[in-house]
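Next comes start_2.cif, with mmCIF, C-alpha atoms (C1' of nucleotides).
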data_run
#
loop_
_atom_site.label_atom_id
_atom_site.label_comp_id
_atom_site.auth_asym_id
_atom_site.auth_seq_id
_atom_site.Cartn_x
_atom_site.Cartn_y
_atom_site.Cartn_z
CA MET A 1 87.91 89.29 120.04
CA THR A 2 91.66 88.88 119.68
CA THR A 3 93.96 91.74 120.55
CA GLN A 4 95.14 91.80 116.95
CA GLN A 5 91.60 92.40 115.70
CA LYS A 6 91.04 95.07 118.33
CA LEU A 7 94.18 96.82 117.14
CA ILE A 8 92.98 96.76 113.53
CA ASP A 9 89.55 98.09 114.50
CA SER A 10 91.06 100.86 116.56
CA ALA A 11 93.45 101.82 113.75
CA ARG A 12 90.57 101.82 111.27
CA TYR A 13 88.61 104.24 113.38
CA LEU A 14 91.63 106.49 113.88
CA ILE A 15 92.51 106.53 110.17
CA GLN A 16 88.91 107.37 109.30
CA THR A 17 88.79 110.29 111.69
CA ARG A 18 92.37 111.61 111.71
CA GLY A 19 94.20 110.04 108.77
CA TYR A 20 97.46 108.11 108.64
CA ASN A 21 99.61 111.05 109.71
CA GLY A 22 97.12 112.08 112.37
CA PHE A 23 97.25 109.10 114.69
CA SER A 24 100.00 107.37 116.63
CA TYR A 25 100.66 104.05 118.34
CA ALA A 26 100.02 105.89 121.60
CA ASP A 27 96.42 106.59 120.47
CA VAL A 28 95.85 102.94 119.56
CA ALA A 29 97.41 101.78 122.84
CA ASP A 30 95.08 104.12 124.69
CA GLN A 31 91.96 102.81 122.97
CA VAL A 32 92.75 99.09 123.18
CA GLN A 33 94.27 99.36 126.65
CA VAL A 34 97.61 97.72 125.90
CA ARG A 35 101.14 99.16 125.88
CA LYS A 36 102.73 100.54 122.72
CA ALA A 37 105.25 97.69 122.67
CA SER A 38 102.43 95.15 122.42
CA ILE A 39 101.24 96.77 119.19
CA HIS A 40 104.75 96.48 117.78
CA HIS A 41 104.62 92.78 118.61
CA HIS A 42 101.62 92.32 116.31
CA PHE A 43 102.51 95.00 113.74
CA PRO A 44 106.25 95.80 113.68
CA ALA A 45 105.77 99.11 111.86
CA LYS A 46 102.91 101.60 111.58
CA ALA A 47 102.56 100.88 107.86
CA ASP A 48 101.98 97.17 108.64
CA LEU A 49 99.05 98.07 110.87
CA ALA A 50 97.55 100.40 108.28
CA ARG A 51 98.00 97.84 105.54
CA ALA A 52 96.15 95.27 107.63
CA VAL A 53 93.28 97.74 107.95
CA VAL A 54 93.11 98.39 104.19
CA ASP A 55 93.47 94.73 103.24
CA GLU A 56 90.68 93.73 105.62
CA SER A 57 88.44 96.48 104.25
CA ARG A 58 89.00 95.33 100.68
CA ALA A 59 88.32 91.71 101.63
CA GLN A 60 85.05 92.72 103.32
CA ILE A 61 83.88 94.70 100.31
CA GLU A 62 84.65 91.82 97.97
CA GLN A 63 82.87 89.39 100.26
CA HIS A 64 79.78 91.57 100.52
CA ALA A 65 79.77 92.07 96.75
CA ARG A 66 79.91 88.30 96.19
CA ALA A 67 77.14 87.70 98.72
CA LEU A 68 74.85 90.25 97.06
CA ALA A 69 75.48 88.83 93.60
CA GLU A 70 74.94 85.23 94.71
CA ALA A 71 71.71 86.19 96.47
CA GLY A 72 70.47 87.46 93.11
CA VAL A 73 69.92 91.02 94.33
CA ASN A 74 69.20 93.32 91.38
CA PRO A 75 71.80 95.94 90.33
CA GLN A 76 70.00 99.04 91.55
CA GLN A 77 69.45 97.39 94.94
CA GLN A 78 73.12 96.37 95.09
CA LEU A 79 74.22 99.92 94.44
CA LEU A 80 71.69 101.24 96.93
CA THR A 81 73.03 98.86 99.59
CA TYR A 82 76.47 100.36 99.05
CA THR A 83 75.38 104.00 99.27
CA ARG A 84 72.97 103.33 102.15
CA TYR A 85 75.81 101.72 104.07
CA TRP A 86 77.86 104.94 103.91
CA GLU A 87 74.82 107.11 104.54
CA LYS A 88 74.25 105.28 107.79
CA CYS A 89 77.93 105.32 108.77
CA ILE A 90 78.18 109.05 108.19
CA ALA A 91 74.84 109.88 109.78
CA ASP A 92 75.58 108.10 113.07
CA ALA A 93 79.30 109.01 112.87
CA SER A 94 80.26 105.35 113.37
CA ALA A 95 82.55 105.58 110.32
CA PRO A 96 82.49 109.13 109.02
CA PHE A 97 84.89 108.46 106.15
CA CYS A 98 86.15 105.63 103.99
CA VAL A 99 89.62 104.43 105.02
CA ALA A 100 90.85 104.23 101.45
CA GLY A 101 89.52 107.71 100.68
CA MET A 102 91.36 109.19 103.63
CA LEU A 103 94.57 107.41 102.69
CA ALA A 104 94.18 108.44 99.04
CA ALA A 105 94.43 112.08 100.10
CA GLU A 106 97.63 111.31 101.98
CA MET A 107 99.01 109.16 99.16
CA PRO A 108 102.26 111.10 98.57
CA THR A 109 103.30 110.58 102.20
CA LEU A 110 102.51 106.86 102.46
CA PRO A 111 105.10 104.06 102.38
CA SER A 112 104.94 102.41 98.96
CA ASP A 113 103.54 99.05 100.12
CA LEU A 114 100.69 100.81 101.90
CA ALA A 115 100.05 102.93 98.80
CA ASP A 116 99.84 99.69 96.80
CA ALA A 117 97.18 98.36 99.16
CA VAL A 118 95.17 101.57 98.77
CA ARG A 119 95.34 101.35 94.98
CA ALA A 120 94.23 97.71 95.17
CA HIS A 121 91.23 98.79 97.22
CA PHE A 122 90.21 101.38 94.64
CA ARG A 123 90.75 98.95 91.80
CA SER A 124 88.53 96.40 93.55
CA LEU A 125 85.80 98.96 94.13
CA THR A 126 85.95 100.23 90.56
CA ASN A 127 85.71 96.68 89.21
CA TRP A 128 82.63 95.98 91.30
CA LEU A 129 80.95 99.23 90.28
CA GLU A 130 81.69 98.47 86.62
CA ALA A 131 80.10 95.05 86.97
CA VAL A 132 76.98 96.41 88.68
CA LEU A 133 76.55 99.28 86.23
CA SER A 134 77.15 97.00 83.27
CA THR A 135 74.54 94.47 84.38
CA GLY A 136 72.09 97.24 85.22
CA SER A 137 72.61 98.77 81.83
CA GLN A 138 71.94 95.46 80.06
CA LEU A 139 68.76 95.05 82.07
CA GLY A 140 67.73 98.55 81.07
CA VAL A 141 67.49 99.97 84.61
CA PHE A 142 70.59 102.20 84.33
CA GLN A 143 70.95 104.70 81.51
CA LEU A 144 74.68 105.01 80.79
CA ARG A 145 75.67 107.90 78.54
CA HIS A 146 79.38 107.09 78.55
CA SER A 147 81.65 104.06 78.85
CA VAL A 148 81.05 101.75 81.80
CA ARG A 149 84.51 102.53 83.18
CA GLN A 150 83.91 106.29 82.99
CA GLU A 151 80.48 106.01 84.60
CA ALA A 152 81.90 103.81 87.37
CA GLU A 153 84.75 106.21 88.10
CA ALA A 154 82.40 109.19 88.02
CA PHE A 155 80.03 107.52 90.47
CA MET A 156 82.91 106.65 92.77
CA ALA A 157 84.25 110.20 92.56
CA MET A 158 80.79 111.51 93.45
CA VAL A 159 80.59 109.27 96.53
CA TYR A 160 84.07 110.19 97.79
CA GLY A 161 83.57 113.86 96.96
CA ALA A 162 80.29 113.79 98.85
CA MET A 163 82.11 112.44 101.92
CA LEU A 164 84.62 115.27 101.66
CA VAL A 165 82.00 117.99 101.29
CA ALA A 166 79.87 116.54 104.07
CA ARG A 167 82.91 116.51 106.35
CA ALA A 168 83.82 120.08 105.43
CA TYR A 169 80.31 121.31 106.23
CA ALA A 170 79.87 118.90 109.15
CA THR A 171 76.38 118.16 107.82
CA PRO A 172 75.78 114.41 107.29
CA THR A 173 72.64 115.05 105.22
CA THR A 174 74.79 116.69 102.54
CA PHE A 175 76.25 113.27 101.76
CA ALA A 176 72.84 111.69 101.29
CA ASP A 177 71.63 114.61 99.15
CA ILE A 178 74.55 114.42 96.73
CA VAL A 179 74.58 110.64 96.44
CA ASP A 180 70.83 110.65 95.93
CA LEU A 181 71.29 112.94 92.96
CA ALA A 182 74.01 110.70 91.51
CA PHE A 183 71.69 107.73 91.87
CA LYS A 184 68.75 109.44 90.20
CA ARG A 185 70.94 110.42 87.27
CA LEU A 186 71.72 106.76 86.61
CA LEU A 187 68.04 105.85 86.65
CA ALA A 188 66.88 108.87 84.63
CA LYS A 189 65.50 108.22 81.16
CA MET B 1 108.79 138.56 97.08
CA THR B 2 108.54 139.04 100.84
CA THR B 3 109.59 136.28 103.21
CA GLN B 4 106.02 136.16 104.50
CA GLN B 5 104.67 135.42 101.03
CA LYS B 6 107.35 132.78 100.45
CA LEU B 7 106.30 131.10 103.69
CA ILE B 8 102.65 131.04 102.60
CA ASP B 9 103.54 129.65 99.17
CA SER B 10 105.72 126.96 100.68
CA ALA B 11 103.03 126.00 103.20
CA ARG B 12 100.44 125.85 100.41
CA TYR B 13 102.55 123.41 98.43
CA LEU B 14 103.22 121.28 101.51
CA ILE B 15 99.54 121.17 102.52
CA GLN B 16 98.55 120.20 98.98
CA THR B 17 101.02 117.35 98.87
CA ARG B 18 101.22 116.17 102.49
CA GLY B 19 98.28 117.69 104.37
CA TYR B 20 98.21 119.71 107.58
CA ASN B 21 99.41 116.86 109.77
CA GLY B 22 102.01 115.83 107.23
CA PHE B 23 104.29 118.87 107.23
CA SER B 24 106.28 120.71 109.86
CA TYR B 25 107.88 124.12 110.34
CA ALA B 26 111.18 122.35 109.64
CA ASP B 27 109.96 121.49 106.12
CA VAL B 28 108.94 125.10 105.45
CA ALA B 29 112.21 126.41 106.89
CA ASP B 30 114.06 124.03 104.60
CA GLN B 31 112.23 125.20 101.47
CA VAL B 32 112.36 128.94 102.16
CA GLN B 33 115.89 128.82 103.60
CA VAL B 34 115.17 130.53 106.91
CA ARG B 35 115.27 129.22 110.49
CA LYS B 36 112.21 127.77 112.19
CA ALA B 37 112.11 130.68 114.63
CA SER B 38 111.74 133.11 111.74
CA ILE B 39 108.54 131.37 110.70
CA HIS B 40 107.22 131.73 114.23
CA HIS B 41 108.00 135.45 113.99
CA HIS B 42 105.58 135.77 111.04
CA PHE B 43 103.09 133.08 112.07
CA PRO B 44 103.14 132.39 115.83
CA ALA B 45 101.41 129.02 115.50
CA LYS B 46 101.13 126.45 112.72
CA ALA B 47 97.39 127.07 112.48
CA ASP B 48 98.05 130.77 111.77
CA LEU B 49 100.22 129.84 108.80
CA ALA B 50 97.64 127.39 107.44
CA ARG B 51 94.86 129.92 107.91
CA ALA B 52 96.82 132.48 105.91
CA VAL B 53 97.09 129.93 103.11
CA VAL B 54 93.35 129.18 103.09
CA ASP B 55 92.32 132.82 103.39
CA GLU B 56 94.56 133.79 100.49
CA SER B 57 93.18 130.95 98.37
CA ARG B 58 89.61 132.02 99.04
CA ALA B 59 90.42 135.64 98.23
CA GLN B 60 92.01 134.58 94.94
CA ILE B 61 89.00 132.49 93.93
CA GLU B 62 86.62 135.33 94.73
CA GLN B 63 88.79 137.78 92.79
CA HIS B 64 88.96 135.51 89.75
CA ALA B 65 85.22 134.93 89.90
CA ARG B 66 84.56 138.67 89.97
CA ALA B 67 86.95 139.26 87.08
CA LEU B 68 85.27 136.60 84.94
CA ALA B 69 81.80 137.94 85.67
CA GLU B 70 82.78 141.54 84.98
CA ALA B 71 84.43 140.53 81.70
CA GLY B 72 81.05 139.17 80.62
CA VAL B 73 82.35 135.62 80.13
CA ASN B 74 79.45 133.20 79.60
CA PRO B 75 78.58 130.64 82.31
CA GLN B 76 79.82 127.51 80.55
CA GLN B 77 83.13 129.24 79.80
CA GLN B 78 83.40 130.37 83.45
CA LEU B 79 82.88 126.82 84.66
CA LEU B 80 85.33 125.51 82.10
CA THR B 81 87.96 128.00 83.25
CA TYR B 82 87.59 126.59 86.76
CA THR B 83 87.88 122.92 85.76
CA ARG B 84 90.64 123.60 83.21
CA TYR B 85 92.63 125.34 85.93
CA TRP B 86 92.63 122.20 88.06
CA GLU B 87 93.20 119.95 85.08
CA LYS B 88 96.38 121.85 84.32
CA CYS B 89 97.51 121.95 87.98
CA ILE B 90 97.04 118.21 88.35
CA ALA B 91 98.54 117.32 84.98
CA ASP B 92 101.79 119.21 85.55
CA ALA B 93 101.76 118.40 89.31
CA SER B 94 102.19 122.09 90.13
CA ALA B 95 99.26 121.85 92.55
CA PRO B 96 98.06 118.26 92.64
CA PHE B 97 95.26 118.91 95.12
CA CYS B 98 93.08 121.73 96.36
CA VAL B 99 94.20 123.05 99.75
CA ALA B 100 90.67 123.19 101.12
CA GLY B 101 89.95 119.65 99.90
CA MET B 102 92.99 118.31 101.66
CA LEU B 103 92.13 120.15 104.86
CA ALA B 104 88.50 119.02 104.63
CA ALA B 105 89.66 115.42 104.93
CA GLU B 106 91.64 116.33 108.05
CA MET B 107 88.80 118.45 109.47
CA PRO B 108 88.37 116.57 112.78
CA THR B 109 92.03 117.22 113.69
CA LEU B 110 92.17 120.92 112.80
CA PRO B 111 92.10 123.80 115.31
CA SER B 112 88.65 125.36 115.24
CA ASP B 113 89.67 128.68 113.69
CA LEU B 114 91.39 126.91 110.82
CA ALA B 115 88.32 124.70 110.37
CA ASP B 116 86.22 127.86 110.15
CA ALA B 117 88.45 129.18 107.35
CA VAL B 118 88.08 125.91 105.44
CA ARG B 119 84.29 126.03 105.76
CA ALA B 120 84.34 129.63 104.55
CA HIS B 121 86.30 128.52 101.49
CA PHE B 122 83.75 125.83 100.66
CA ARG B 123 80.87 128.21 101.24
CA SER B 124 82.45 130.73 98.90
CA LEU B 125 82.99 128.11 96.19
CA THR B 126 79.46 126.75 96.53
CA ASN B 127 78.01 130.24 96.24
CA TRP B 128 79.96 130.94 93.06
CA LEU B 129 78.96 127.59 91.53
CA GLU B 130 75.32 128.28 92.38
CA ALA B 131 75.51 131.67 90.68
CA VAL B 132 77.13 130.26 87.54
CA LEU B 133 74.75 127.30 87.28
CA SER B 134 71.75 129.50 87.94
CA THR B 135 72.68 131.99 85.23
CA GLY B 136 73.52 129.19 82.81
CA SER B 137 70.19 127.56 83.52
CA GLN B 138 68.29 130.80 82.83
CA LEU B 139 70.18 131.17 79.55
CA GLY B 140 69.23 127.61 78.66
CA VAL B 141 72.80 126.28 78.32
CA PHE B 142 72.70 124.16 81.50
CA GLN B 143 69.97 121.58 82.03
CA LEU B 144 69.40 121.37 85.80
CA ARG B 145 67.28 118.45 86.96
CA HIS B 146 67.41 119.35 90.64
CA SER B 147 67.72 122.46 92.82
CA VAL B 148 70.58 124.84 92.04
CA ARG B 149 72.11 124.19 95.45
CA GLN B 150 72.00 120.42 94.96
CA GLU B 151 73.48 120.64 91.47
CA ALA B 152 76.23 122.97 92.72
CA GLU B 153 77.12 120.67 95.60
CA ALA B 154 77.06 117.63 93.33
CA PHE B 155 79.36 119.29 90.82
CA MET B 156 81.75 120.31 93.59
CA ALA B 157 81.69 116.79 95.02
CA MET B 158 82.50 115.42 91.58
CA VAL B 159 85.50 117.73 91.20
CA TYR B 160 86.91 116.94 94.64
CA GLY B 161 86.17 113.24 94.28
CA ALA B 162 87.94 113.27 90.94
CA MET B 163 91.02 114.75 92.60
CA LEU B 164 90.94 111.99 95.20
CA VAL B 165 90.56 109.18 92.67
CA ALA B 166 93.22 110.66 90.39
CA ARG B 167 95.61 110.83 93.33
CA ALA B 168 94.81 107.27 94.37
CA TYR B 169 95.51 105.96 90.88
CA ALA B 170 98.35 108.43 90.27
CA THR B 171 96.88 109.03 86.80
CA PRO B 172 96.22 112.74 86.14
CA THR B 173 94.04 111.97 83.09
CA THR B 174 91.50 110.32 85.39
CA PHE B 175 90.67 113.75 86.78
CA ALA B 176 90.03 115.22 83.33
CA ASP B 177 87.92 112.21 82.31
CA ILE B 178 85.62 112.41 85.32
CA VAL B 179 85.21 116.18 85.24
CA ASP B 180 84.55 116.03 81.52
CA LEU B 181 81.67 113.68 82.16
CA ALA B 182 80.26 115.96 84.87
CA PHE B 183 80.43 118.85 82.45
CA LYS B 184 78.71 117.02 79.62
CA ARG B 185 75.89 116.04 81.96
CA LEU B 186 75.16 119.68 82.66
CA LEU B 187 75.04 120.48 78.95
CA ALA B 188 73.06 117.37 77.96
CA LYS B 189 69.53 117.90 76.71
"C1'" DG C 1 123.97 166.32 109.61
"C1'" DG C 2 124.76 163.50 113.47
"C1'" DT C 3 123.09 161.03 117.09
"C1'" DT C 4 119.72 158.61 119.49
"C1'" DG C 5 116.11 155.34 120.08
"C1'" DC C 6 113.06 152.06 118.17
"C1'" DC C 7 111.68 148.08 115.76
"C1'" DA C 8 111.08 144.48 112.19
"C1'" DG C 9 113.31 140.57 110.97
"C1'" DC C 10 116.27 137.03 111.69
"C1'" DC C 11 119.24 134.26 114.26
"C1'" DT C 12 121.16 130.45 117.83
"C1'" DA C 13 120.00 127.77 121.51
"C1'" DC C 14 116.79 125.99 124.05
"C1'" DT C 15 112.25 123.84 126.21
"C1'" DA C 16 108.74 120.19 126.89
"C1'" DG C 17 106.59 116.84 124.73
"C1'" DT C 18 105.68 113.16 121.19
"C1'" DA C 19 106.90 110.22 117.33
"C1'" DG C 20 108.03 105.32 115.94
"C1'" DG C 21 110.68 101.70 117.39
"C1'" DT C 22 113.73 98.32 120.41
"C1'" DA C 23 115.69 95.24 124.26
"C1'" DG C 24 114.97 92.27 127.58
"C1'" DA C 25 112.33 90.25 131.37
"C1'" DC C 26 108.27 87.87 132.88
"C1'" DA C 27 103.94 84.99 132.71
"C1'" DC C 28 101.47 81.30 130.90
"C1'" DG C 29 99.60 77.62 128.18
"C1'" DA C 30 100.64 73.64 124.89
"C1'" DT D 1 110.59 73.72 127.50
"C1'" DC D 2 109.37 76.29 123.93
"C1'" DG D 3 106.57 79.83 121.78
"C1'" DT D 4 103.39 83.54 122.31
"C1'" DG D 5 101.95 87.67 124.21
"C1'" DT D 6 102.57 91.24 127.25
"C1'" DC D 7 105.04 94.25 129.92
"C1'" DT D 8 108.59 98.07 131.72
"C1'" DA D 9 112.09 100.81 130.44
"C1'" DC D 10 114.42 102.84 127.21
"C1'" DC D 11 116.19 104.90 122.71
"C1'" DT D 12 116.79 108.41 118.89
"C1'" DA D 13 114.64 111.62 116.03
"C1'" DC D 14 111.58 114.98 115.58
"C1'" DT D 15 107.55 118.18 116.91
"C1'" DA D 16 105.72 123.05 117.94
"C1'" DG D 17 106.94 126.65 120.37
"C1'" DT D 18 110.02 130.04 123.43
"C1'" DA D 19 113.92 133.03 125.22
"C1'" DG D 20 116.97 136.21 124.29
"C1'" DG D 21 120.32 138.43 121.45
"C1'" DC D 22 122.10 140.61 117.06
"C1'" DT D 23 121.62 143.70 112.91
"C1'" DG D 24 120.42 147.15 109.86
"C1'" DG D 25 117.18 150.57 108.52
"C1'" DC D 26 114.11 154.36 109.55
"C1'" DA D 27 112.46 158.38 112.01
"C1'" DA D 28 112.77 162.06 115.38
"C1'" DC D 29 115.20 165.40 117.60
"C1'" DC D 30 119.32 168.58 118.75
#
As structure tokens, what does this structure read like?
Amino acid sequence: MTTQQKLIDSARYLIQTRGYNGFSYADVADQVQVRKASIHHHFPAKADLARAVVDESRAQIEQHARALAEAGVNPQQQLLTYTRYWEKCIADASAPFCVAGMLAAEMPTLPSDLADAVRAHFRSLTNWLEAVLSTGSQLGVFQLRHSVRQEAEAFMAMVYGAMLVARAYATPTTFADIVDLAFKRLLAK
Amino acid sequence: MTTQQKLIDSARYLIQTRGYNGFSYADVADQVQVRKASIHHHFPAKADLARAVVDESRAQIEQHARALAEAGVNPQQQLLTYTRYWEKCIADASAPFCVAGMLAAEMPTLPSDLADAVRAHFRSLTNWLEAVLSTGSQLGVFQLRHSVRQEAEAFMAMVYGAMLVARAYATPTTFADIVDLAFKRLLAK
DNA sequence: GGTTGCCAGCCTACTAGTAGGTAGACACGA
DNA sequence: TCGTGTCTACCTACTAGTAGGCTGGCAACC
């Protein structure tokens, strides 16, 4: 793996656990075993590094979403893949929080270009959720009581809120419990 | 108002907007117009100041909850008072985020005694929500499809998630939209 | 009623340490 | 030989926290 990729991975982990204002180039240098100056060579400013993390995350989500759709996976299974992914990440502490969620909380302190990247990530996720919910609704597997956009935003809020509550209580199962309820509500007649 | 109270109020605002790792004694000193050393006189360490903020917030919530219950306000109106409070705070940007929510995101970086205070805040809020939902369910105004605890945690997750999404999009109405949906779901037959 | 002593509150001036960021030299492969 | 990547050494600005001194009010005692 290239040093650049290692730097991004390290920054992702640090943002997930400590947030943008909670980590420094010194932390990244320590993890990747290079000097601080080497990080500046790849990412001149801290915001550049963080933006690379967010952009990569968004690209991965979009790629996974495309792959699922092209494979003809049904809507409820697509949604379940998404929630199961976070359940696993939180349970084994490999990624205890979504990067964009963490950065969203810190929004007022972020440089504007990084804030733009975060918004783009949320927009991308909302669009995908809308598409999945819409298709599922047409197929009759999801029972939407409000507009697709509202249902998508509510589901997203539930997922991010569940991460927050699970982190506050330090009980990973709390996340699964809450998301499970959100899922059942969509399926309920 | 005492200097001590001014310091707490200033710290609350700064935590809500920037988070624990995003503000410094210099920021507080600037807002309250005292020297940094004076803050240390009242709150020896940064964590002491933050803990005072969280403890005061929890006490206020508990006091309000008691007042509402003693006034004989019905459950749906009690819940509405809570959500309306945040709607207003977010709309006029007077308090664009819950202190405990912000600190929950930063949990892994907080000193343990401050983390304890944050957990206590969440526990207190969950307990109140459980009580309100439980009473409302017995009166037949709330339709709970799962355990009271699960429904309480899900509602809380929705509220905090809505704050996060609203902050990401910088659109205060998003919060009201999402919470409105959560509320209607509780009332739905 | 003075005088004395105490103390909360606030200050200036400082410490040690960390933040993000830069300059310039060196190694190495195309 | 040029570009890329890495390094050491350094910078300025800022962090939380400390040391020690000043002030003005309150209480106790003669």
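For the set B:Val99, B:Phe23, B:Arg35, B:Leu133, the residue with the smallest atom-to-atom gap to chain C is B:Arg35, counting all atoms listed in the file.
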Using only C-alpha atoms (C1' of nucleotides) and a distance of at most 9 Å, pull out the residues of chain A that contact chain D, as an mmCIF file with C-alpha atoms, keeping the file's coordinate frame.
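part-v6.cif written:
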data_model
loop_
_atom_site.group_PDB
_atom_site.id
_atom_site.type_symbol
_atom_site.label_atom_id
_atom_site.label_comp_id
_atom_site.auth_asym_id
_atom_site.auth_seq_id
_atom_site.Cartn_x
_atom_site.Cartn_y
_atom_site.Cartn_z
ATOM 1 C CA VAL A 34 97.610 97.720 125.900
ATOM 2 C CA ARG A 35 101.140 99.160 125.880
ATOM 3 C CA ALA A 37 105.250 97.690 122.670
ATOM 4 C CA SER A 38 102.430 95.150 122.420
ATOM 5 C CA HIS A 41 104.620 92.780 118.610
#
Test item: chain C residues at most 10 Å from chain A, counting all atoms listed in the file, as a ChimeraX atom specification
/C:18-22
Expected answer as a PDB file with C-alpha atoms, in the coordinates of the input: chain A residues within 8 Å of chain B, only C-alpha atoms:
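Result written to part_0.pdb:
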ATOM      1  CA  THR A  17      88.790 110.290 111.690  1.00  0.00           C
ATOM      2  CA  ARG A  18      92.370 111.610 111.710  1.00  0.00           C
ATOM      3  CA  GLY A  19      94.200 110.040 108.770  1.00  0.00           C
ATOM      4  CA  ASN A  21      99.610 111.050 109.710  1.00  0.00           C
ATOM      5  CA  GLY A  22      97.120 112.080 112.370  1.00  0.00           C
ATOM      6  CA  GLY A 101      89.520 107.710 100.680  1.00  0.00           C
ATOM      7  CA  MET A 102      91.360 109.190 103.630  1.00  0.00           C
ATOM      8  CA  ALA A 104      94.180 108.440  99.040  1.00  0.00           C
ATOM      9  CA  ALA A 105      94.430 112.080 100.100  1.00  0.00           C
ATOM     10  CA  GLU A 106      97.630 111.310 101.980  1.00  0.00           C
ATOM     11  CA  MET A 107      99.010 109.160  99.160  1.00  0.00           C
ATOM     12  CA  PRO A 108     102.260 111.100  98.570  1.00  0.00           C
ATOM     13  CA  THR A 109     103.300 110.580 102.200  1.00  0.00           C
ATOM     14  CA  VAL A 118      95.170 101.570  98.770  1.00  0.00           C
ATOM     15  CA  ARG A 119      95.340 101.350  94.980  1.00  0.00           C
ATOM     16  CA  PHE A 122      90.210 101.380  94.640  1.00  0.00           C
ATOM     17  CA  HIS A 146      79.380 107.090  78.550  1.00  0.00           C
ATOM     18  CA  GLN A 150      83.910 106.290  82.990  1.00  0.00           C
ATOM     19  CA  GLU A 153      84.750 106.210  88.100  1.00  0.00           C
ATOM     20  CA  ALA A 154      82.400 109.190  88.020  1.00  0.00           C
ATOM     21  CA  MET A 156      82.910 106.650  92.770  1.00  0.00           C
ATOM     22  CA  ALA A 157      84.250 110.200  92.560  1.00  0.00           C
ATOM     23  CA  MET A 158      80.790 111.510  93.450  1.00  0.00           C
ATOM     24  CA  VAL A 159      80.590 109.270  96.530  1.00  0.00           C
ATOM     25  CA  TYR A 160      84.070 110.190  97.790  1.00  0.00           C
ATOM     26  CA  GLY A 161      83.570 113.860  96.960  1.00  0.00           C
ATOM     27  CA  ALA A 162      80.290 113.790  98.850  1.00  0.00           C
ATOM     28  CA  LEU A 164      84.620 115.270 101.660  1.00  0.00           C
ATOM     29  CA  VAL A 165      82.000 117.990 101.290  1.00  0.00           C
ATOM     30  CA  ARG A 167      82.910 116.510 106.350  1.00  0.00           C
ATOM     31  CA  ALA A 168      83.820 120.080 105.430  1.00  0.00           C
ATOM     32  CA  TYR A 169      80.310 121.310 106.230  1.00  0.00           C
ATOM     33  CA  ASP A 177      71.630 114.610  99.150  1.00  0.00           C
ATOM     34  CA  ILE A 178      74.550 114.420  96.730  1.00  0.00           C
ATOM     35  CA  LEU A 181      71.290 112.940  92.960  1.00  0.00           C
ATOM     36  CA  ALA A 182      74.010 110.700  91.510  1.00  0.00           C
TER      37      ALA A 182
END
Please indicate the distance in Å from atom CA of Thr135 of chain A to atom CA of Glu70 of chain A, rounded to one decimal place.
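Taking atom CA of Thr135 of chain A and atom CA of Glu70 of chain A, their separation equals 13.9 Å.
Going from atom CA of Glu56 of chain B over to atom CA of Asp113 of chain B, you cover 15.0 Å.
Pairwise distance (atom CA of Ala95 of chain B, atom CA of Thr2 of chain B) equals 21.2 Å.
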Completion step: segment 84-94 of chain B with N, CA and C atoms as a compact mmCIF listing (two decimals), in the coordinates of the input:
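Final output, rebuild_19.txt:
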# COMPACT_ATOMS: atom_id res chain seq x y z
N ARG B 84 89.38 123.63 83.97
CA ARG B 84 90.64 123.60 83.21
C ARG B 84 91.83 123.97 84.09
N TYR B 85 91.58 124.92 85.00
CA TYR B 85 92.63 125.34 85.93
C TYR B 85 93.14 124.13 86.71
N TRP B 86 92.22 123.35 87.27
CA TRP B 86 92.63 122.20 88.06
C TRP B 86 93.21 121.09 87.19
N GLU B 87 92.64 120.94 86.00
CA GLU B 87 93.20 119.95 85.08
C GLU B 87 94.68 120.21 84.85
N LYS B 88 94.99 121.47 84.59
CA LYS B 88 96.38 121.85 84.32
C LYS B 88 97.26 121.63 85.56
N CYS B 89 96.77 122.08 86.72
CA CYS B 89 97.51 121.95 87.98
C CYS B 89 97.84 120.49 88.28
N ILE B 90 96.85 119.63 88.03
CA ILE B 90 97.04 118.21 88.35
C ILE B 90 97.93 117.54 87.32
N ALA B 91 97.74 117.93 86.05
CA ALA B 91 98.54 117.32 84.98
C ALA B 91 100.02 117.61 85.14
N ASP B 92 100.36 118.87 85.43
CA ASP B 92 101.79 119.21 85.55
C ASP B 92 102.28 119.13 86.99
N ALA B 93 101.40 118.63 87.89
CA ALA B 93 101.76 118.40 89.31
C ALA B 93 102.17 119.67 90.04
N SER B 94 101.83 120.84 89.46
CA SER B 94 102.19 122.09 90.13
C SER B 94 101.36 122.30 91.39
